[in-house]
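> Structure in structure tokens, see below.
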Amino acid sequence: MSDGTATADLDVALEKHRTELTGYCYRMLGSSFEAEDAVQDTLVRAWRSYDKFEGRSSLRSWLYRIATNVCLDMLAAGKKRARPMDLTEPTPLAQAALSPRPDHTWLEPVPDARVLPAVTDPAEAAVARESIRLAFMAALQQLPPKQRAVLILREVLAWRASEVAELLGTTVASVNSALQRARATLAERADTGAEAAVSDPLDEEQKQLLERYVKAFEGYDMTALTALLHEDAVMTMPPFDLWLLGPTDITGFMSTMGASCAGSRLLPVQVNGLPGFAHYKPDPEKGGFTPWAVQVLEISGGRITGFHCFLDTPRWFPLFDLPLHLDPEPDEAEQGA
């Protein structure tokens with residue numbers, strides 16, 4: 001076999017693991033862009049040092065060891081990503097102000113397709129999906145990096161304690177102890193999944209809820225929207241640290257500071273194992289619609305409990321392969337002519 005063929009075969013073998021490694025690095029880092037950087041670094045390191053790979057473990061295990069070391073190095077500065085409600089108290093509408101914080105502050109959204117490899121086992125798929133939801137991701141960020149790795153490898157990826165111990169260069173007892181501490185930390189956070197009781201696939205009630213949401217939002221019908229929101233619903237808007245609690249403040253904000261979103265269009269996206277939408281608002285200069293936010297919805301008990309709007313559209317819309325402009329519908333174009 002020629003060197004060229006061997007190189008091509010290695011490239012294919014490594015590339016097969018990209019999606020699952022991106023999911024692992026995303027859970028570790030809380031950033032979709034840092035996760036992709038970490039995986040690229042992992043694959044480059046693997047390619048360069050493949051001649052030292054002795055085959056005592058599987059190629060997959062070896063790649064996870066490299067990826068773990070890359071992530072631990074990236075987390076050495078102790079940075080933790082968060083949601084607005086992890087950092088501040090809710091702001092009453094009367095005091096609402098839009099104060100941005102740097103990008104590295106925030107837990108980032110991610111397209112499902114970039115981090116969820118195709119699996120045939122429904123239970124395995126459900127665990128993978130639940131483990132990238134925003135509330136669970138925020139809880140992971142509270143764990144020290146090695147505990148985070150242990151929890152993900154044991155609970156999400158179902159590795160044996162002996163396999164994790166070998167990967168981390170430690171003992172089974174140490175792995176079990178780290179897992180116990182990580183579970184205890186997560187148990188203290190009551191919100192690691194309660195807000196996002198989403199079926200996979202969506203059940204009929206959830207589909208109808210989303211249809212009513214799209215109709216209410218595109219029609220900017222605050223009465224209809226209020227009826228869909230849980231009494232403790234939360235709205236966030238990274239990169240701003242403002243967050244709002246309850247239907248009155250959420251719809252009050254949308255009809256005042258957010259009034260320019262009237263007449264918007266929503267396109268469905270699959271994001272963080274949850275239903276979401278690409279939000280385009282009217283473009284008064286060019287006509288049609290311009291990107292405004294990637295929305296992630298948490299729903300439970302027939303109501304929307306979380307309404308998270310990620311506003312940095314120059315970063316998010318290309319990541320989700322979304323168009324950067326929507327033309328008006330034909331009837332709208334005729335009305336504007």
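A note on labels: chains of the structure tokens are A, B, ... as shown, every chain counts residues from 1, and ligands are counted from 1 in their shown order.
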Need the shell around Arg129 (chain A): protein/DNA/RNA residues with any atom at most 9 Å away, counting only C-alpha atoms. Skip same-chain ones fewer than 6 positions apart. Format as a PyMOL selection string?
chain A and resi 112+116+200+272-274
> For the selection just defined, write its residues with N, CA and C atoms to a file, as a PDB file, in the first residue's frame.

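File written: selection_0.pdb
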```
ATOM      1  N   ASP A 112     -27.603  20.700  16.425  1.00  0.00           N
ATOM      2  CA  ASP A 112     -27.602  19.277  16.774  1.00  0.00           C
ATOM      3  C   ASP A 112     -26.704  18.472  15.839  1.00  0.00           C
ATOM      4  N   LEU A 116     -24.262  15.562  17.473  1.00  0.00           N
ATOM      5  CA  LEU A 116     -25.009  14.340  17.750  1.00  0.00           C
ATOM      6  C   LEU A 116     -24.824  13.351  16.597  1.00  0.00           C
ATOM      7  N   ASP A 200     -38.616  13.200  21.980  1.00  0.00           N
ATOM      8  CA  ASP A 200     -37.834  13.039  20.759  1.00  0.00           C
ATOM      9  C   ASP A 200     -38.343  11.781  20.045  1.00  0.00           C
ATOM     10  N   ASN A 272     -29.211  22.360  20.353  1.00  0.00           N
ATOM     11  CA  ASN A 272     -29.052  21.889  21.730  1.00  0.00           C
ATOM     12  C   ASN A 272     -30.110  20.871  22.148  1.00  0.00           C
ATOM     13  N   GLY A 273     -30.476  19.982  21.229  1.00  0.00           N
ATOM     14  CA  GLY A 273     -31.440  18.952  21.557  1.00  0.00           C
ATOM     15  C   GLY A 273     -32.826  19.486  21.861  1.00  0.00           C
ATOM     16  N   LEU A 274     -33.087  20.721  21.445  1.00  0.00           N
ATOM     17  CA  LEU A 274     -34.341  21.404  21.750  1.00  0.00           C
ATOM     18  C   LEU A 274     -34.916  22.020  20.481  1.00  0.00           C
TER      19      LEU A 274
END
```
> Can you pull out the residues contacting Arg81 (chain A)? Cut-off 8 Å, using only C-alpha atoms, and skip same-chain residues under 4 positions away; I want them as a PyMOL selection string.
chain A and resi 29-31+104-107+138+141
> Would you pick out the contacts of Glu15 (chain A) at 12 Å or less, using only C-alpha atoms, so that residues sharing its chain but fewer than 5 positions from it are not included, and give the list as a list in words?
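Once the adjacent positions are removed, what remains is Ala8, Asp9, Leu10, Glu20, Leu21, Thr22, Val39, Gln40, Thr42, Leu43, Val44, Ala46, Trp47, Leu59, Arg60 and Leu63 of chain A.
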> Residues as selected, N, CA, C and O atoms, written as a PDB file, in the first residue's frame, can you do that?

```pdb
ATOM      1  N   ALA A   8      -4.562   8.655   3.117  1.00  0.00           N
ATOM      2  CA  ALA A   8      -5.990   8.862   2.843  1.00  0.00           C
ATOM      3  C   ALA A   8      -6.839   7.998   3.760  1.00  0.00           C
ATOM      4  O   ALA A   8      -7.869   8.445   4.287  1.00  0.00           O
ATOM      5  N   ASP A   9      -6.419   6.750   3.992  1.00  0.00           N
ATOM      6  CA  ASP A   9      -7.170   5.852   4.882  1.00  0.00           C
ATOM      7  C   ASP A   9      -7.180   6.391   6.304  1.00  0.00           C
ATOM      8  O   ASP A   9      -8.201   6.312   7.002  1.00  0.00           O
ATOM      9  N   LEU A  10      -6.046   6.924   6.759  1.00  0.00           N
ATOM     10  CA  LEU A  10      -5.983   7.484   8.109  1.00  0.00           C
ATOM     11  C   LEU A  10      -6.892   8.703   8.220  1.00  0.00           C
ATOM     12  O   LEU A  10      -7.617   8.869   9.209  1.00  0.00           O
ATOM     13  N   GLU A  20     -18.763  12.946  17.015  1.00  0.00           N
ATOM     14  CA  GLU A  20     -18.854  12.570  18.432  1.00  0.00           C
ATOM     15  C   GLU A  20     -17.787  13.290  19.258  1.00  0.00           C
ATOM     16  O   GLU A  20     -18.049  13.672  20.411  1.00  0.00           O
ATOM     17  N   LEU A  21     -16.602  13.511  18.693  1.00  0.00           N
ATOM     18  CA  LEU A  21     -15.572  14.258  19.421  1.00  0.00           C
ATOM     19  C   LEU A  21     -16.003  15.713  19.620  1.00  0.00           C
ATOM     20  O   LEU A  21     -15.745  16.313  20.669  1.00  0.00           O
ATOM     21  N   THR A  22     -16.675  16.294  18.614  1.00  0.00           N
ATOM     22  CA  THR A  22     -17.164  17.669  18.762  1.00  0.00           C
ATOM     23  C   THR A  22     -18.201  17.743  19.876  1.00  0.00           C
ATOM     24  O   THR A  22     -18.203  18.691  20.679  1.00  0.00           O
ATOM     25  N   VAL A  39     -11.343  19.934  18.479  1.00  0.00           N
ATOM     26  CA  VAL A  39     -11.374  18.717  17.665  1.00  0.00           C
ATOM     27  C   VAL A  39     -10.356  18.806  16.534  1.00  0.00           C
ATOM     28  O   VAL A  39      -9.651  17.830  16.235  1.00  0.00           O
ATOM     29  N   GLN A  40     -10.238  19.963  15.915  1.00  0.00           N
ATOM     30  CA  GLN A  40      -9.243  20.122  14.853  1.00  0.00           C
ATOM     31  C   GLN A  40      -7.842  19.892  15.404  1.00  0.00           C
ATOM     32  O   GLN A  40      -7.017  19.205  14.778  1.00  0.00           O
ATOM     33  N   THR A  42      -7.117  18.100  18.042  1.00  0.00           N
ATOM     34  CA  THR A  42      -7.042  16.669  18.356  1.00  0.00           C
ATOM     35  C   THR A  42      -6.680  15.849  17.117  1.00  0.00           C
ATOM     36  O   THR A  42      -5.783  14.990  17.167  1.00  0.00           O
ATOM     37  N   LEU A  43      -7.360  16.109  16.011  1.00  0.00           N
ATOM     38  CA  LEU A  43      -7.120  15.325  14.805  1.00  0.00           C
ATOM     39  C   LEU A  43      -5.738  15.600  14.218  1.00  0.00           C
ATOM     40  O   LEU A  43      -5.077  14.686  13.704  1.00  0.00           O
ATOM     41  N   VAL A  44      -5.281  16.842  14.305  1.00  0.00           N
ATOM     42  CA  VAL A  44      -3.931  17.165  13.830  1.00  0.00           C
ATOM     43  C   VAL A  44      -2.882  16.450  14.686  1.00  0.00           C
ATOM     44  O   VAL A  44      -1.922  15.855  14.161  1.00  0.00           O
ATOM     45  N   ALA A  46      -3.307  13.729  16.410  1.00  0.00           N
ATOM     46  CA  ALA A  46      -3.399  12.291  16.139  1.00  0.00           C
ATOM     47  C   ALA A  46      -2.698  11.950  14.824  1.00  0.00           C
ATOM     48  O   ALA A  46      -1.963  10.951  14.738  1.00  0.00           O
ATOM     49  N   TRP A  47      -2.912  12.762  13.824  1.00  0.00           N
ATOM     50  CA  TRP A  47      -2.308  12.515  12.519  1.00  0.00           C
ATOM     51  C   TRP A  47      -0.777  12.554  12.616  1.00  0.00           C
ATOM     52  O   TRP A  47      -0.085  11.699  12.078  1.00  0.00           O
ATOM     53  N   LEU A  59      -8.615   3.051  18.390  1.00  0.00           N
ATOM     54  CA  LEU A  59      -8.358   4.392  17.848  1.00  0.00           C
ATOM     55  C   LEU A  59      -9.292   5.413  18.509  1.00  0.00           C
ATOM     56  O   LEU A  59      -8.870   6.523  18.848  1.00  0.00           O
ATOM     57  N   ARG A  60     -10.553   5.021  18.720  1.00  0.00           N
ATOM     58  CA  ARG A  60     -11.522   5.924  19.347  1.00  0.00           C
ATOM     59  C   ARG A  60     -11.067   6.328  20.754  1.00  0.00           C
ATOM     60  O   ARG A  60     -11.102   7.503  21.109  1.00  0.00           O
ATOM     61  N   LEU A  63      -8.193   8.747  20.564  1.00  0.00           N
ATOM     62  CA  LEU A  63      -8.637  10.089  20.187  1.00  0.00           C
ATOM     63  C   LEU A  63      -9.299  10.808  21.363  1.00  0.00           C
ATOM     64  O   LEU A  63      -9.095  12.008  21.566  1.00  0.00           O
TER      65      LEU A  63
END
```
> Counting only C-alpha atoms, what is within 6 Å of region 282-298 of chain A, bar same-chain residues fewer than 2 positions away, as an mmCIF file with all heavy atoms, in the first residue's frame?

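Result file is selection10.cif:
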```cif
data_model
loop_
_atom_site.group_PDB
_atom_site.id
_atom_site.type_symbol
_atom_site.label_atom_id
_atom_site.label_comp_id
_atom_site.auth_asym_id
_atom_site.auth_seq_id
_atom_site.Cartn_x
_atom_site.Cartn_y
_atom_site.Cartn_z
ATOM 1 N N GLU A 195 -36.728 22.108 32.956
ATOM 2 C CA GLU A 195 -37.346 23.080 32.057
ATOM 3 C C GLU A 195 -37.489 22.544 30.642
ATOM 4 O O GLU A 195 -38.084 23.172 29.801
ATOM 5 C CB GLU A 195 -36.506 24.369 31.942
ATOM 6 C CG GLU A 195 -36.150 25.004 33.253
ATOM 7 C CD GLU A 195 -34.706 24.742 33.549
ATOM 8 O OE1 GLU A 195 -34.293 23.581 33.370
ATOM 9 O OE2 GLU A 195 -34.011 25.661 33.964
ATOM 10 N N ALA A 196 -36.904 21.404 30.367
ATOM 11 C CA ALA A 196 -36.805 20.979 28.976
ATOM 12 C C ALA A 196 -37.295 19.545 28.793
ATOM 13 O O ALA A 196 -36.581 18.691 28.312
ATOM 14 C CB ALA A 196 -35.363 21.108 28.498
ATOM 15 N N SER A 264 -41.823 39.798 12.306
ATOM 16 C CA SER A 264 -40.674 38.933 12.054
ATOM 17 C C SER A 264 -41.068 37.625 11.398
ATOM 18 O O SER A 264 -42.252 37.285 11.292
ATOM 19 C CB SER A 264 -39.954 38.642 13.381
ATOM 20 O OG SER A 264 -39.301 39.788 13.882
ATOM 21 N N PRO A 275 -36.218 22.342 20.484
ATOM 22 C CA PRO A 275 -36.764 23.088 19.348
ATOM 23 C C PRO A 275 -36.228 24.520 19.342
ATOM 24 O O PRO A 275 -36.027 25.115 20.409
ATOM 25 C CB PRO A 275 -38.276 23.065 19.594
ATOM 26 C CG PRO A 275 -38.460 22.742 21.028
ATOM 27 C CD PRO A 275 -37.246 21.989 21.481
ATOM 28 N N GLY A 276 -35.980 25.044 18.166
ATOM 29 C CA GLY A 276 -35.471 26.408 18.072
ATOM 30 C C GLY A 276 -35.869 27.031 16.753
ATOM 31 O O GLY A 276 -36.432 26.367 15.873
ATOM 32 N N PHE A 277 -35.554 28.312 16.638
ATOM 33 C CA PHE A 277 -35.922 29.051 15.429
ATOM 34 C C PHE A 277 -34.835 30.068 15.100
ATOM 35 O O PHE A 277 -34.238 30.674 15.992
ATOM 36 C CB PHE A 277 -37.254 29.787 15.615
ATOM 37 C CG PHE A 277 -38.419 28.862 15.824
ATOM 38 C CD1 PHE A 277 -38.828 28.523 17.107
ATOM 39 C CD2 PHE A 277 -39.078 28.307 14.734
ATOM 40 C CE1 PHE A 277 -39.880 27.643 17.301
ATOM 41 C CE2 PHE A 277 -40.139 27.429 14.926
ATOM 42 C CZ PHE A 277 -40.541 27.098 16.212
ATOM 43 N N ALA A 278 -34.602 30.229 13.804
ATOM 44 C CA ALA A 278 -33.830 31.374 13.327
ATOM 45 C C ALA A 278 -34.809 32.531 13.198
ATOM 46 O O ALA A 278 -35.807 32.430 12.493
ATOM 47 C CB ALA A 278 -33.198 31.060 11.986
ATOM 48 N N HIS A 279 -34.523 33.604 13.897
ATOM 49 C CA HIS A 279 -35.427 34.757 13.959
ATOM 50 C C HIS A 279 -34.890 35.850 13.025
ATOM 51 O O HIS A 279 -33.772 36.340 13.189
ATOM 52 C CB HIS A 279 -35.484 35.263 15.410
ATOM 53 C CG HIS A 279 -36.220 36.550 15.590
ATOM 54 N ND1 HIS A 279 -36.193 37.257 16.772
ATOM 55 C CD2 HIS A 279 -37.001 37.281 14.747
ATOM 56 C CE1 HIS A 279 -36.923 38.359 16.644
ATOM 57 N NE2 HIS A 279 -37.408 38.389 15.424
ATOM 58 N N TYR A 280 -35.699 36.189 12.034
ATOM 59 C CA TYR A 280 -35.390 37.279 11.107
ATOM 60 C C TYR A 280 -36.383 38.404 11.353
ATOM 61 O O TYR A 280 -37.597 38.164 11.406
ATOM 62 C CB TYR A 280 -35.544 36.819 9.655
ATOM 63 C CG TYR A 280 -34.543 35.795 9.195
ATOM 64 C CD1 TYR A 280 -34.713 34.449 9.501
ATOM 65 C CD2 TYR A 280 -33.439 36.170 8.438
ATOM 66 C CE1 TYR A 280 -33.803 33.488 9.053
ATOM 67 C CE2 TYR A 280 -32.528 35.219 7.986
ATOM 68 C CZ TYR A 280 -32.710 33.890 8.293
ATOM 69 O OH TYR A 280 -31.810 32.949 7.848
ATOM 70 N N ILE A 304 -44.190 27.072 27.458
ATOM 71 C CA ILE A 304 -42.799 27.465 27.220
ATOM 72 C C ILE A 304 -42.212 27.940 28.546
ATOM 73 O O ILE A 304 -42.736 28.863 29.168
ATOM 74 C CB ILE A 304 -42.724 28.576 26.166
ATOM 75 C CG1 ILE A 304 -43.213 28.054 24.808
ATOM 76 C CG2 ILE A 304 -41.285 29.109 26.039
ATOM 77 C CD1 ILE A 304 -43.438 29.137 23.768
ATOM 78 N N THR A 305 -41.136 27.297 28.967
ATOM 79 C CA THR A 305 -40.506 27.661 30.238
ATOM 80 C C THR A 305 -39.226 28.469 30.048
ATOM 81 O O THR A 305 -38.795 29.167 30.961
ATOM 82 C CB THR A 305 -40.179 26.395 31.056
ATOM 83 O OG1 THR A 305 -39.357 25.526 30.267
ATOM 84 C CG2 THR A 305 -41.444 25.655 31.446
ATOM 85 N N GLY A 306 -38.612 28.345 28.884
ATOM 86 C CA GLY A 306 -37.394 29.093 28.586
ATOM 87 C C GLY A 306 -37.412 29.590 27.162
ATOM 88 O O GLY A 306 -37.812 28.868 26.236
ATOM 89 N N PHE A 307 -36.981 30.841 26.998
ATOM 90 C CA PHE A 307 -37.043 31.526 25.699
ATOM 91 C C PHE A 307 -35.705 32.246 25.574
ATOM 92 O O PHE A 307 -35.513 33.326 26.122
ATOM 93 C CB PHE A 307 -38.245 32.482 25.744
ATOM 94 C CG PHE A 307 -38.393 33.398 24.563
ATOM 95 C CD1 PHE A 307 -38.295 32.936 23.267
ATOM 96 C CD2 PHE A 307 -38.672 34.748 24.761
ATOM 97 C CE1 PHE A 307 -38.450 33.789 22.189
ATOM 98 C CE2 PHE A 307 -38.825 35.618 23.697
ATOM 99 C CZ PHE A 307 -38.719 35.143 22.414
ATOM 100 N N HIS A 308 -34.740 31.588 24.926
ATOM 101 C CA HIS A 308 -33.351 32.058 24.940
ATOM 102 C C HIS A 308 -32.966 32.543 23.542
ATOM 103 O O HIS A 308 -33.012 31.779 22.575
ATOM 104 C CB HIS A 308 -32.432 30.945 25.412
ATOM 105 C CG HIS A 308 -32.856 30.361 26.730
ATOM 106 N ND1 HIS A 308 -32.748 31.057 27.915
ATOM 107 C CD2 HIS A 308 -33.437 29.168 27.032
ATOM 108 C CE1 HIS A 308 -33.223 30.312 28.900
ATOM 109 N NE2 HIS A 308 -33.644 29.164 28.392
ATOM 110 N N CYS A 309 -32.578 33.807 23.448
ATOM 111 C CA CYS A 309 -32.299 34.448 22.163
ATOM 112 C C CYS A 309 -30.810 34.778 22.090
ATOM 113 O O CYS A 309 -30.326 35.632 22.844
ATOM 114 C CB CYS A 309 -33.128 35.728 22.023
ATOM 115 S SG CYS A 309 -34.895 35.446 22.246
ATOM 116 N N PHE A 310 -30.101 34.104 21.210
ATOM 117 C CA PHE A 310 -28.669 34.347 21.024
ATOM 118 C C PHE A 310 -28.514 35.321 19.865
ATOM 119 O O PHE A 310 -28.815 34.999 18.710
ATOM 120 C CB PHE A 310 -27.944 33.031 20.773
ATOM 121 C CG PHE A 310 -27.958 32.113 21.966
ATOM 122 C CD1 PHE A 310 -28.995 31.208 22.163
ATOM 123 C CD2 PHE A 310 -26.949 32.175 22.912
ATOM 124 C CE1 PHE A 310 -29.018 30.370 23.258
ATOM 125 C CE2 PHE A 310 -26.958 31.350 24.020
ATOM 126 C CZ PHE A 310 -27.999 30.440 24.201
ATOM 127 N N LEU A 311 -28.047 36.530 20.197
ATOM 128 C CA LEU A 311 -28.174 37.650 19.270
ATOM 129 C C LEU A 311 -26.972 37.877 18.355
ATOM 130 O O LEU A 311 -27.055 38.695 17.445
ATOM 131 C CB LEU A 311 -28.424 38.942 20.067
ATOM 132 C CG LEU A 311 -29.675 38.947 20.957
ATOM 133 C CD1 LEU A 311 -29.802 40.294 21.670
ATOM 134 C CD2 LEU A 311 -30.934 38.665 20.157
ATOM 135 N N THR A 313 -25.668 37.303 15.597
ATOM 136 C CA THR A 313 -25.994 36.608 14.346
ATOM 137 C C THR A 313 -24.824 36.454 13.373
ATOM 138 O O THR A 313 -24.795 35.454 12.632
ATOM 139 C CB THR A 313 -27.175 37.291 13.634
ATOM 140 O OG1 THR A 313 -26.900 38.692 13.508
ATOM 141 C CG2 THR A 313 -28.443 37.112 14.430
ATOM 142 N N HIS A 325 -30.146 36.693 4.602
ATOM 143 C CA HIS A 325 -31.240 37.596 4.205
ATOM 144 C C HIS A 325 -32.400 36.742 3.735
ATOM 145 O O HIS A 325 -32.206 35.702 3.116
ATOM 146 C CB HIS A 325 -30.792 38.532 3.071
ATOM 147 C CG HIS A 325 -31.855 39.506 2.646
ATOM 148 N ND1 HIS A 325 -32.122 40.666 3.339
ATOM 149 C CD2 HIS A 325 -32.726 39.481 1.611
ATOM 150 C CE1 HIS A 325 -33.103 41.317 2.749
ATOM 151 N NE2 HIS A 325 -33.493 40.616 1.695
ATOM 152 N N LEU A 326 -33.609 37.152 4.079
ATOM 153 C CA LEU A 326 -34.808 36.502 3.557
ATOM 154 C C LEU A 326 -35.569 37.501 2.704
ATOM 155 O O LEU A 326 -35.793 38.647 3.124
ATOM 156 C CB LEU A 326 -35.732 36.037 4.691
ATOM 157 C CG LEU A 326 -35.329 34.836 5.543
ATOM 158 C CD1 LEU A 326 -36.468 34.493 6.507
ATOM 159 C CD2 LEU A 326 -34.970 33.631 4.699
ATOM 160 N N ASP A 327 -35.949 37.086 1.506
ATOM 161 C CA ASP A 327 -36.786 37.941 0.670
ATOM 162 C C ASP A 327 -38.214 37.951 1.213
ATOM 163 O O ASP A 327 -38.644 36.980 1.848
ATOM 164 C CB ASP A 327 -36.790 37.432 -0.776
ATOM 165 C CG ASP A 327 -35.441 37.595 -1.437
ATOM 166 O OD1 ASP A 327 -34.732 38.572 -1.093
ATOM 167 O OD2 ASP A 327 -35.084 36.737 -2.281
ATOM 168 N N PRO A 328 -38.958 39.024 0.954
ATOM 169 C CA PRO A 328 -40.353 39.044 1.389
ATOM 170 C C PRO A 328 -41.170 38.009 0.624
ATOM 171 O O PRO A 328 -40.792 37.597 -0.493
ATOM 172 C CB PRO A 328 -40.823 40.471 1.062
ATOM 173 C CG PRO A 328 -39.889 40.940 -0.002
ATOM 174 C CD PRO A 328 -38.572 40.257 0.244
#
```
> Check the DSSP output for the backbone and give back, as number ranges by chain, the residues of region 57-301 of chain A in strand (DSSP E or B).
A: 82, 100, 106, 111, 229-237, 240-245, 265-271, 274-282, 289-300
> Check the smallest atom-to-atom distance from each of A:Ser131, A:Ser199, A:Asn69, A:Gln206 to Lys146 (chain A) using only C-alpha atoms, then report the winner.
A:Asn69
